[in-house]
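**Student:** Below you'll find data_39.cif; it's mmCIF, C-alpha atoms.
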data_run
loop_
_atom_site.label_atom_id
_atom_site.label_comp_id
_atom_site.auth_asym_id
_atom_site.auth_seq_id
_atom_site.Cartn_x
_atom_site.Cartn_y
_atom_site.Cartn_z
CA MET M 901 -80.39 -110.13 -83.63
CA LYS M 902 -83.58 -110.97 -81.71
CA ILE M 903 -84.08 -114.36 -80.09
CA ILE M 904 -87.62 -115.66 -79.64
CA VAL M 905 -87.80 -118.67 -77.33
CA GLY M 906 -90.78 -120.95 -76.86
CA LEU M 907 -90.74 -123.23 -73.84
CA GLY M 908 -92.00 -126.81 -73.95
CA ASN M 909 -90.99 -130.44 -73.73
CA PRO M 910 -89.56 -132.35 -76.70
CA GLY M 911 -91.18 -135.52 -78.02
CA LYS M 912 -94.41 -136.64 -79.66
CA GLN M 913 -96.06 -137.44 -76.33
CA TYR M 914 -95.92 -133.75 -75.35
CA GLU M 915 -97.19 -132.24 -78.63
CA LYS M 916 -100.28 -130.05 -78.22
CA THR M 917 -100.12 -130.25 -74.41
CA ARG M 918 -100.78 -127.23 -72.21
CA HIS M 919 -97.12 -127.02 -71.21
CA ASN M 920 -96.06 -126.76 -74.87
CA VAL M 921 -97.86 -123.60 -75.99
CA GLY M 922 -94.46 -121.87 -76.24
CA PHE M 923 -93.38 -124.47 -78.81
CA GLU M 924 -96.68 -123.89 -80.66
CA VAL M 925 -95.90 -120.17 -81.02
CA ILE M 926 -92.41 -120.95 -82.38
CA ASP M 927 -93.99 -123.37 -84.90
CA GLU M 928 -96.45 -120.64 -85.94
CA LEU M 929 -93.63 -118.10 -86.40
CA SER M 930 -91.58 -120.66 -88.32
CA ARG M 931 -94.51 -121.11 -90.73
CA ARG M 932 -95.29 -117.37 -91.02
CA TRP M 933 -91.72 -116.34 -91.65
CA SER M 934 -90.55 -119.44 -93.57
CA ILE M 935 -87.75 -120.02 -91.06
CA PRO M 936 -87.08 -123.75 -90.82
CA LEU M 937 -86.02 -125.07 -87.40
CA ASP M 938 -83.10 -126.98 -88.86
CA GLN M 939 -80.19 -126.39 -86.48
CA ALA M 940 -79.72 -128.75 -83.53
CA LYS M 941 -77.09 -127.22 -81.25
CA HIS M 942 -76.81 -125.63 -77.83
CA LYS M 943 -79.29 -128.13 -76.33
CA GLY M 944 -82.05 -126.87 -78.61
CA ILE M 945 -83.44 -126.76 -82.09
CA TYR M 946 -83.48 -123.42 -83.86
CA GLY M 947 -83.56 -121.57 -87.13
CA SER M 948 -82.75 -118.03 -88.17
CA GLY M 949 -83.68 -115.63 -90.91
CA MET M 950 -84.40 -112.02 -91.77
CA VAL M 951 -87.82 -110.60 -90.90
CA LYS M 952 -88.72 -106.94 -91.45
CA GLY M 953 -85.03 -106.09 -91.75
CA GLU M 954 -84.18 -107.77 -88.43
CA LYS M 955 -82.19 -110.99 -87.97
CA VAL M 956 -84.37 -113.35 -85.91
CA LEU M 957 -83.55 -116.66 -84.26
CA LEU M 958 -86.41 -118.97 -83.23
CA LEU M 959 -85.48 -121.40 -80.43
CA LYS M 960 -87.09 -124.46 -78.85
CA PRO M 961 -84.95 -125.74 -75.96
CA LEU M 962 -84.76 -129.55 -76.04
CA THR M 963 -83.62 -129.95 -72.44
CA TYR M 964 -87.13 -130.54 -71.07
CA MET M 965 -88.86 -127.71 -69.27
CA ASN M 966 -86.90 -127.82 -65.99
CA LEU M 967 -83.57 -127.13 -67.73
CA SER M 968 -84.70 -124.66 -70.43
CA GLY M 969 -82.32 -121.96 -69.20
CA GLU M 970 -79.29 -124.05 -70.22
CA SER M 971 -80.21 -123.84 -73.90
CA ILE M 972 -81.30 -120.18 -73.78
CA SER M 973 -78.08 -119.13 -72.06
CA ALA M 974 -75.91 -121.15 -74.46
CA VAL M 975 -77.58 -119.64 -77.54
CA MET M 976 -77.38 -116.10 -76.14
CA HIS M 977 -73.68 -116.47 -75.36
CA PHE M 978 -72.82 -118.11 -78.68
CA PHE M 979 -74.55 -115.39 -80.72
CA LYS M 980 -73.58 -112.60 -78.26
CA VAL M 981 -77.18 -111.39 -77.86
CA ASP M 982 -78.16 -109.02 -75.05
CA ILE M 983 -81.00 -109.98 -72.70
CA ALA M 984 -83.04 -107.01 -73.99
CA ASP M 985 -83.19 -108.75 -77.39
CA VAL M 986 -84.72 -111.97 -76.04
CA VAL M 987 -88.36 -112.86 -75.42
CA ILE M 988 -89.46 -116.11 -73.74
CA ILE M 989 -92.95 -117.52 -74.41
CA TYR M 990 -94.55 -119.97 -72.00
CA ASP M 991 -97.75 -121.30 -70.43
CA ASP M 992 -99.24 -119.75 -67.28
CA LEU M 993 -101.58 -121.53 -64.86
CA ASP M 994 -102.65 -118.24 -63.27
CA LEU M 995 -104.23 -116.89 -66.46
CA PRO M 996 -107.46 -118.29 -67.91
CA PRO M 997 -107.15 -120.33 -71.11
CA GLY M 998 -106.44 -118.03 -74.02
CA LYS M 999 -105.48 -114.95 -71.97
CA LEU M 1000 -102.26 -113.24 -73.12
CA ARG M 1001 -99.96 -111.23 -70.84
CA LEU M 1002 -96.65 -109.59 -71.78
CA ARG M 1003 -94.16 -108.48 -69.12
CA GLN M 1004 -90.57 -107.26 -68.95
CA LYS M 1005 -89.68 -108.82 -65.61
CA GLY M 1006 -91.01 -110.88 -62.75
CA SER M 1007 -90.59 -113.98 -60.67
CA ALA M 1008 -90.92 -117.54 -61.93
CA GLY M 1009 -94.38 -117.84 -60.38
CA GLY M 1010 -93.80 -121.56 -59.86
CA HIS M 1011 -92.98 -122.22 -63.54
CA ASN M 1012 -89.93 -124.50 -63.68
CA GLY M 1013 -88.87 -123.38 -67.16
CA ILE M 1014 -88.78 -119.77 -65.98
CA LYS M 1015 -86.99 -120.78 -62.75
CA SER M 1016 -84.29 -122.38 -64.91
CA SER M 1017 -84.17 -119.34 -67.21
CA ILE M 1018 -83.75 -116.95 -64.27
CA ALA M 1019 -81.01 -119.15 -62.79
CA HIS M 1020 -79.05 -119.43 -66.05
CA LEU M 1021 -79.55 -115.85 -67.23
CA GLY M 1022 -78.81 -114.41 -63.80
CA THR M 1023 -81.78 -112.04 -63.86
CA GLN M 1024 -85.56 -111.85 -63.65
CA GLU M 1025 -85.55 -108.90 -66.03
CA PHE M 1026 -86.28 -110.32 -69.45
CA ASN M 1027 -89.16 -109.98 -71.89
CA ARG M 1028 -91.80 -112.65 -71.62
CA ILE M 1029 -95.10 -113.60 -73.16
CA ARG M 1030 -97.37 -115.66 -70.94
CA ILE M 1031 -100.22 -117.68 -72.44
CA GLY M 1032 -103.01 -118.66 -70.07
CA ILE M 1033 -103.84 -122.32 -69.66
CA GLY M 1034 -105.98 -122.01 -66.50
CA ARG M 1035 -105.81 -124.16 -63.39
CA PRO M 1036 -107.03 -127.73 -63.03
CA ILE M 1037 -110.53 -128.22 -61.68
CA GLY M 1038 -111.06 -130.74 -58.91
CA ARG M 1039 -108.30 -133.02 -57.72
CA ILE M 1040 -106.24 -133.25 -60.91
CA PRO M 1041 -102.54 -132.87 -60.00
CA VAL M 1042 -100.94 -129.82 -61.62
CA SER M 1043 -98.27 -131.99 -63.28
CA ASP M 1044 -100.95 -134.13 -64.97
CA TYR M 1045 -102.91 -131.04 -65.98
CA VAL M 1046 -100.03 -129.17 -67.65
CA LEU M 1047 -99.00 -132.34 -69.52
CA GLY M 1048 -102.59 -132.90 -70.64
CA ARG M 1049 -104.15 -131.70 -73.86
CA PHE M 1050 -106.65 -128.89 -74.27
CA SER M 1051 -110.32 -129.64 -74.76
CA PRO M 1052 -111.65 -128.57 -78.18
CA GLU M 1053 -113.37 -125.58 -76.52
CA GLU M 1054 -110.15 -124.54 -74.75
CA TRP M 1055 -108.17 -124.99 -77.97
CA ASP M 1056 -110.43 -122.49 -79.75
CA HIS M 1057 -109.31 -119.83 -77.25
CA VAL M 1058 -105.68 -120.93 -77.03
CA GLY M 1059 -105.24 -121.33 -80.79
CA ALA M 1060 -106.32 -117.71 -81.30
CA THR M 1061 -103.93 -116.64 -78.53
CA ILE M 1062 -101.03 -118.48 -80.17
CA GLU M 1063 -101.69 -116.43 -83.31
CA LYS M 1064 -101.94 -113.22 -81.27
CA SER M 1065 -98.69 -114.08 -79.49
CA ALA M 1066 -96.99 -114.59 -82.86
CA ALA M 1067 -98.36 -111.22 -84.00
CA SER M 1068 -96.95 -109.56 -80.87
CA CYS M 1069 -93.51 -111.02 -81.68
CA GLU M 1070 -93.78 -109.61 -85.18
CA SER M 1071 -94.68 -106.21 -83.74
CA TRP M 1072 -91.65 -106.39 -81.40
CA LEU M 1073 -89.35 -106.45 -84.43
CA GLU M 1074 -90.42 -102.87 -85.17
CA LYS M 1075 -91.33 -101.41 -81.77
CA PRO M 1076 -89.99 -101.35 -78.21
CA PHE M 1077 -91.31 -104.24 -76.10
CA ILE M 1078 -93.07 -101.84 -73.70
CA GLN M 1079 -95.11 -100.49 -76.60
CA VAL M 1080 -95.98 -104.02 -77.70
CA MET M 1081 -97.08 -104.74 -74.11
CA ASN M 1082 -99.48 -101.80 -74.23
CA GLU M 1083 -100.95 -103.04 -77.50
CA TYR M 1084 -101.32 -106.73 -76.67
CA ASN M 1085 -101.99 -107.02 -72.94
CA GLN M 1086 -105.63 -107.94 -72.42
#
Go ahead and render the structure in this file as structure tokens.

**Tutor:**
Amino acid sequence: MKIIVGLGNPGKQYEKTRHNVGFEVIDELSRRWSIPLDQAKHKGIYGSGMVKGEKVLLLKPLTYMNLSGESISAVMHFFKVDIADVVIIYDDLDLPPGKLRLRQKGSAGGHNGIKSSIAHLGTQEFNRIRIGIGRPIGRIPVSDYVLGRFSPEEWDHVGATIEKSAASCESWLEKPFIQVMNEYNQ
């Protein structure tokens, strides 16, 4: 089984915000693969199905960003899934809007959802897909910026990157993650 996790914050007020691009990718995969997110357990909402001969679980932690690792860890332990079969998708301030970067390990880089994931998984070595949201311009606090919505121009770039991120997940079902990294890193 492969687990694909998208990080974000639950609730209508956070929909389509910069911090929720991970949730957007899970929604895209749910549509593409006809996997309804209809299970609410382990501090998250998830759904599972068969894709390209592989059992796949799509997960959106509902713990709010800072506690995302609690849900990821609980789901991994319940389904007995190895860390190598997990990918976590999240927003990245250090990449320009719409830039995609895949990695197999690394620090949290100031991202609280990844800090929580590292703490609960006990390692920095897990597959990740980072989607660029850029940094705020001027004196906008980072917290306000990440919880803000994309401009229409930014959304054009990010929307295409959400689709590319979903395509990279699909590719991962058939190829080693390192090969997918080589194909999709920009």

**Student:** Got a sec to resolve the PyMOL selection byres ((chain M and resi 1015) around 12) on this structure and send the residues as a ChimeraX atom specification?

**Tutor:** /M:907,965-970,990,1006-1014,1016-1024

**Student:** Can you list every residue of range 1020-1079 of chain M that has an atom at most 12 Å from range 925-932 of chain M, with its nearest atom pair and the distance in Å to one decimal, using all atoms listed in the file, ordered by chain then number, as a tab-separated table?

**Tutor:**
residue	atom	partner	partner_atom	distance
M:Ile1029	CA	M:Val925	CA	10.3
M:Arg1030	CA	M:Val925	CA	11.1
M:Ile1031	CA	M:Val925	CA	9.9
M:Val1058	CA	M:Val925	CA	10.6
M:Gly1059	CA	M:Val925	CA	9.4
M:Ala1060	CA	M:Val925	CA	10.7
M:Thr1061	CA	M:Val925	CA	9.1
M:Ile1062	CA	M:Val925	CA	5.5
M:Glu1063	CA	M:Glu928	CA	7.2
M:Lys1064	CA	M:Val925	CA	9.2
M:Ser1065	CA	M:Val925	CA	6.9
M:Ala1066	CA	M:Val925	CA	6.0
M:Ala1067	CA	M:Leu929	CA	8.7
M:Ser1068	CA	M:Val925	CA	10.7
M:Cys1069	CA	M:Leu929	CA	8.5
M:Glu1070	CA	M:Leu929	CA	8.6

**Student:** Which residue gives the smallest distance to Leu962 in chain M among M:Ile935, M:Ile983, M:Met976, M:Val905, with only C-alpha atoms counted?

**Tutor:**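 That would be M:Val905, the residue with the smallest distance to Leu962 in chain M.
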
**Student:** Let me make sure I understand: among M:Ile903, M:Asn1027, M:His1057, M:Ile1078, which one has the smallest atom-to-atom distance to Ser971 in chain M if we use all atoms listed in the file?

**Tutor:**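 Smallest distance to Ser971 in chain M is found for M:Ile903.
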
**Student:** Could you state which residues are captured by the PyMOL selection byres ((chain M and resi 1028) around 9) in this file, as a tab-separated table (two decimals) with C-alpha atoms, in the frame of the given file?

**Tutor:**
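Result file follows (result_8.tsv):
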chain	number	residue	atom	x	y	z
M	986	VAL	CA	-84.72	-111.97	-76.04
M	987	VAL	CA	-88.36	-112.86	-75.42
M	988	ILE	CA	-89.46	-116.11	-73.74
M	989	ILE	CA	-92.95	-117.52	-74.41
M	990	TYR	CA	-94.55	-119.97	-72.00
M	1001	ARG	CA	-99.96	-111.23	-70.84
M	1002	LEU	CA	-96.65	-109.59	-71.78
M	1003	ARG	CA	-94.16	-108.48	-69.12
M	1004	GLN	CA	-90.57	-107.26	-68.95
M	1005	LYS	CA	-89.68	-108.82	-65.61
M	1026	PHE	CA	-86.28	-110.32	-69.45
M	1027	ASN	CA	-89.16	-109.98	-71.89
M	1029	ILE	CA	-95.10	-113.60	-73.16
M	1030	ARG	CA	-97.37	-115.66	-70.94

**Student:** Between M:Gly947, M:Ala940, M:Pro910, M:Lys955, single out the one closest to Glu1074 in chain M, counting only C-alpha atoms.

**Tutor:**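 Among the listed residues, the smallest separation from Glu1074 in chain M belongs to M:Lys955.
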
**Student:** Would you kindly return, as JSON, numbers by chain, each protein, DNA or RNA residue with an atom no farther than 12 Å from any atom of Asp1044 in chain M, considering all atoms listed in the file and excluding same-chain residues fewer than 2 positions away?

**Tutor:** {"M": [914, 917, 918, 919, 1035, 1036, 1037, 1039, 1040, 1041, 1042, 1046, 1047, 1048, 1049]}

**Student:** Go ahead and compute the interatomic distance for CA of Asp994 in chain M and CA of Phe1050 in chain M, in Å to one decimal.

**Tutor:**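 Distance between the two atoms: 15.8 Å.
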
**Student:** CA of Phe923 in chain M and CA of Lys960 in chain M, how far apart in Å?

**Tutor:**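 That distance, rounded to one decimal, is 6.3 Å.
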
**Student:** Provide the CA of Tyr1084 in chain M to CA of Ser1071 in chain M distance in Å, to one decimal place.

**Tutor:**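 Between these atoms lies a distance of 9.7 Å.
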
**Student:** With the file shown as input, list the residues that the PyMOL selection byres ((chain M and resi 958) around 6) selects, as a VMD selection string.

**Tutor:** chain M and resid 904 946 to 947 957 959

**Student:** When you count only C-alpha atoms, which of these residues is closest to Ile1033 in chain M: M:Val1080, M:Gln939, M:Asn920, M:Phe979?

**Tutor:**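 Under the stated criterion, the closest residue is M:Asn920.
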
**Student:** For a quick check of understanding, using all atoms listed in the file, which of M:Phe978, M:Trp933, M:Phe1077, M:Tyr964 has the smallest distance to Lys952 in chain M?

**Tutor:**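 Using all atoms listed in the file, Lys952 in chain M sits closest to M:Trp933.
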
**Student:** Export range 1036-1050 of chain M, all heavy atoms, as a PDB file, in the first residue's frame; it's the structure right above.

**Tutor:**
ATOM      1  N   PRO M1036       6.156  36.344   1.035  1.00  0.00           N
ATOM      2  CA  PRO M1036       5.398  37.597   1.006  1.00  0.00           C
ATOM      3  C   PRO M1036       6.286  38.774   0.616  1.00  0.00           C
ATOM      4  O   PRO M1036       7.476  38.792   0.921  1.00  0.00           O
ATOM      5  CB  PRO M1036       4.893  37.745   2.450  1.00  0.00           C
ATOM      6  CG  PRO M1036       5.766  36.871   3.277  1.00  0.00           C
ATOM      7  CD  PRO M1036       6.276  35.797   2.375  1.00  0.00           C
ATOM      8  N   ILE M1037       5.688  39.719  -0.073  1.00  0.00           N
ATOM      9  CA  ILE M1037       6.391  40.942  -0.462  1.00  0.00           C
ATOM     10  C   ILE M1037       5.991  42.035   0.512  1.00  0.00           C
ATOM     11  O   ILE M1037       4.825  42.173   0.876  1.00  0.00           O
ATOM     12  CB  ILE M1037       6.031  41.335  -1.905  1.00  0.00           C
ATOM     13  CG1 ILE M1037       6.477  40.237  -2.865  1.00  0.00           C
ATOM     14  CG2 ILE M1037       6.655  42.670  -2.282  1.00  0.00           C
ATOM     15  CD1 ILE M1037       5.950  40.390  -4.273  1.00  0.00           C
ATOM     16  N   GLY M1038       6.973  42.817   0.935  1.00  0.00           N
ATOM     17  CA  GLY M1038       6.691  43.908   1.869  1.00  0.00           C
ATOM     18  C   GLY M1038       6.637  43.423   3.296  1.00  0.00           C
ATOM     19  O   GLY M1038       7.359  42.505   3.684  1.00  0.00           O
ATOM     20  N   ARG M1039       5.742  43.988   4.057  1.00  0.00           N
ATOM     21  CA  ARG M1039       5.683  43.718   5.499  1.00  0.00           C
ATOM     22  C   ARG M1039       4.565  42.755   5.892  1.00  0.00           C
ATOM     23  O   ARG M1039       4.150  42.720   7.047  1.00  0.00           O
ATOM     24  CB  ARG M1039       5.515  45.031   6.256  1.00  0.00           C
ATOM     25  CG  ARG M1039       6.682  45.977   6.070  1.00  0.00           C
ATOM     26  CD  ARG M1039       6.503  47.192   6.969  1.00  0.00           C
ATOM     27  NE  ARG M1039       7.574  48.119   6.794  1.00  0.00           N
ATOM     28  CZ  ARG M1039       8.687  48.124   7.517  1.00  0.00           C
ATOM     29  NH1 ARG M1039       8.865  47.232   8.459  1.00  0.00           N
ATOM     30  NH2 ARG M1039       9.620  49.033   7.305  1.00  0.00           N
ATOM     31  N   ILE M1040       4.083  41.977   4.964  1.00  0.00           N
ATOM     32  CA  ILE M1040       3.022  41.012   5.279  1.00  0.00           C
ATOM     33  C   ILE M1040       3.620  39.907   6.148  1.00  0.00           C
ATOM     34  O   ILE M1040       4.602  39.274   5.762  1.00  0.00           O
ATOM     35  CB  ILE M1040       2.435  40.384   3.989  1.00  0.00           C
ATOM     36  CG1 ILE M1040       1.843  41.459   3.095  1.00  0.00           C
ATOM     37  CG2 ILE M1040       1.392  39.315   4.329  1.00  0.00           C
ATOM     38  CD1 ILE M1040       1.473  40.960   1.705  1.00  0.00           C
ATOM     39  N   PRO M1041       3.051  39.660   7.341  1.00  0.00           N
ATOM     40  CA  PRO M1041       3.554  38.557   8.170  1.00  0.00           C
ATOM     41  C   PRO M1041       3.385  37.221   7.449  1.00  0.00           C
ATOM     42  O   PRO M1041       2.391  37.005   6.746  1.00  0.00           O
ATOM     43  CB  PRO M1041       2.677  38.613   9.421  1.00  0.00           C
ATOM     44  CG  PRO M1041       2.064  39.978   9.429  1.00  0.00           C
ATOM     45  CD  PRO M1041       1.962  40.393   7.992  1.00  0.00           C
ATOM     46  N   VAL M1042       4.356  36.334   7.637  1.00  0.00           N
ATOM     47  CA  VAL M1042       4.326  35.027   6.972  1.00  0.00           C
ATOM     48  C   VAL M1042       3.029  34.287   7.290  1.00  0.00           C
ATOM     49  O   VAL M1042       2.419  33.678   6.406  1.00  0.00           O
ATOM     50  CB  VAL M1042       5.566  34.187   7.351  1.00  0.00           C
ATOM     51  CG1 VAL M1042       5.415  32.737   6.897  1.00  0.00           C
ATOM     52  CG2 VAL M1042       6.826  34.789   6.730  1.00  0.00           C
ATOM     53  N   SER M1043       2.585  34.343   8.549  1.00  0.00           N
ATOM     54  CA  SER M1043       1.359  33.617   8.918  1.00  0.00           C
ATOM     55  C   SER M1043       0.150  34.130   8.132  1.00  0.00           C
ATOM     56  O   SER M1043      -0.691  33.340   7.697  1.00  0.00           O
ATOM     57  CB  SER M1043       1.101  33.709  10.421  1.00  0.00           C
ATOM     58  OG  SER M1043       0.975  35.060  10.813  1.00  0.00           O
ATOM     59  N   ASP M1044       0.054  35.429   7.927  1.00  0.00           N
ATOM     60  CA  ASP M1044      -1.045  35.985   7.133  1.00  0.00           C
ATOM     61  C   ASP M1044      -0.914  35.578   5.666  1.00  0.00           C
ATOM     62  O   ASP M1044      -1.906  35.275   4.994  1.00  0.00           O
ATOM     63  CB  ASP M1044      -1.082  37.512   7.225  1.00  0.00           C
ATOM     64  CG  ASP M1044      -1.498  38.017   8.600  1.00  0.00           C
ATOM     65  OD1 ASP M1044      -2.015  37.207   9.408  1.00  0.00           O
ATOM     66  OD2 ASP M1044      -1.294  39.208   8.875  1.00  0.00           O
ATOM     67  N   TYR M1045       0.317  35.569   5.181  1.00  0.00           N
ATOM     68  CA  TYR M1045       0.569  35.231   3.784  1.00  0.00           C
ATOM     69  C   TYR M1045       0.176  33.782   3.474  1.00  0.00           C
ATOM     70  O   TYR M1045      -0.530  33.532   2.504  1.00  0.00           O
ATOM     71  CB  TYR M1045       2.053  35.465   3.460  1.00  0.00           C
ATOM     72  CG  TYR M1045       2.427  35.135   2.049  1.00  0.00           C
ATOM     73  CD1 TYR M1045       2.088  35.983   0.995  1.00  0.00           C
ATOM     74  CD2 TYR M1045       3.123  33.966   1.752  1.00  0.00           C
ATOM     75  CE1 TYR M1045       2.440  35.673  -0.315  1.00  0.00           C
ATOM     76  CE2 TYR M1045       3.480  33.652   0.451  1.00  0.00           C
ATOM     77  CZ  TYR M1045       3.132  34.507  -0.579  1.00  0.00           C
ATOM     78  OH  TYR M1045       3.482  34.198  -1.870  1.00  0.00           O
ATOM     79  N   VAL M1046       0.643  32.835   4.289  1.00  0.00           N
ATOM     80  CA  VAL M1046       0.356  31.419   3.991  1.00  0.00           C
ATOM     81  C   VAL M1046      -1.132  31.108   4.140  1.00  0.00           C
ATOM     82  O   VAL M1046      -1.634  30.189   3.491  1.00  0.00           O
ATOM     83  CB  VAL M1046       1.217  30.426   4.815  1.00  0.00           C
ATOM     84  CG1 VAL M1046       2.685  30.607   4.517  1.00  0.00           C
ATOM     85  CG2 VAL M1046       0.925  30.490   6.291  1.00  0.00           C
ATOM     86  N   LEU M1047      -1.837  31.862   4.969  1.00  0.00           N
ATOM     87  CA  LEU M1047      -3.271  31.644   5.147  1.00  0.00           C
ATOM     88  C   LEU M1047      -4.106  32.491   4.186  1.00  0.00           C
ATOM     89  O   LEU M1047      -5.334  32.435   4.207  1.00  0.00           O
ATOM     90  CB  LEU M1047      -3.683  31.914   6.591  1.00  0.00           C
ATOM     91  CG  LEU M1047      -3.062  30.953   7.616  1.00  0.00           C
ATOM     92  CD1 LEU M1047      -3.468  31.344   9.030  1.00  0.00           C
ATOM     93  CD2 LEU M1047      -3.407  29.508   7.324  1.00  0.00           C
ATOM     94  N   GLY M1048      -3.409  33.244   3.333  1.00  0.00           N
ATOM     95  CA  GLY M1048      -4.083  34.032   2.304  1.00  0.00           C
ATOM     96  C   GLY M1048      -4.295  33.216   1.038  1.00  0.00           C
ATOM     97  O   GLY M1048      -3.734  32.140   0.867  1.00  0.00           O
ATOM     98  N   ARG M1049      -5.106  33.778   0.155  1.00  0.00           N
ATOM     99  CA  ARG M1049      -5.396  33.086  -1.105  1.00  0.00           C
ATOM    100  C   ARG M1049      -4.483  33.604  -2.216  1.00  0.00           C
ATOM    101  O   ARG M1049      -3.991  34.713  -2.163  1.00  0.00           O
ATOM    102  CB  ARG M1049      -6.861  33.294  -1.468  1.00  0.00           C
ATOM    103  CG  ARG M1049      -7.753  32.491  -0.527  1.00  0.00           C
ATOM    104  CD  ARG M1049      -9.232  32.602  -0.837  1.00  0.00           C
ATOM    105  NE  ARG M1049      -9.979  31.614  -0.081  1.00  0.00           N
ATOM    106  CZ  ARG M1049     -10.188  31.657   1.228  1.00  0.00           C
ATOM    107  NH1 ARG M1049      -9.682  32.640   1.947  1.00  0.00           N
ATOM    108  NH2 ARG M1049     -10.885  30.721   1.835  1.00  0.00           N
ATOM    109  N   PHE M1050      -4.303  32.765  -3.225  1.00  0.00           N
ATOM    110  CA  PHE M1050      -3.490  33.126  -4.376  1.00  0.00           C
ATOM    111  C   PHE M1050      -4.197  34.185  -5.219  1.00  0.00           C
ATOM    112  O   PHE M1050      -5.419  34.176  -5.328  1.00  0.00           O
ATOM    113  CB  PHE M1050      -3.253  31.901  -5.267  1.00  0.00           C
ATOM    114  CG  PHE M1050      -2.402  30.842  -4.646  1.00  0.00           C
ATOM    115  CD1 PHE M1050      -2.975  29.702  -4.102  1.00  0.00           C
ATOM    116  CD2 PHE M1050      -1.020  30.962  -4.617  1.00  0.00           C
ATOM    117  CE1 PHE M1050      -2.194  28.706  -3.543  1.00  0.00           C
ATOM    118  CE2 PHE M1050      -0.230  29.974  -4.059  1.00  0.00           C
ATOM    119  CZ  PHE M1050      -0.813  28.852  -3.520  1.00  0.00           C
TER     120      PHE M1050
END
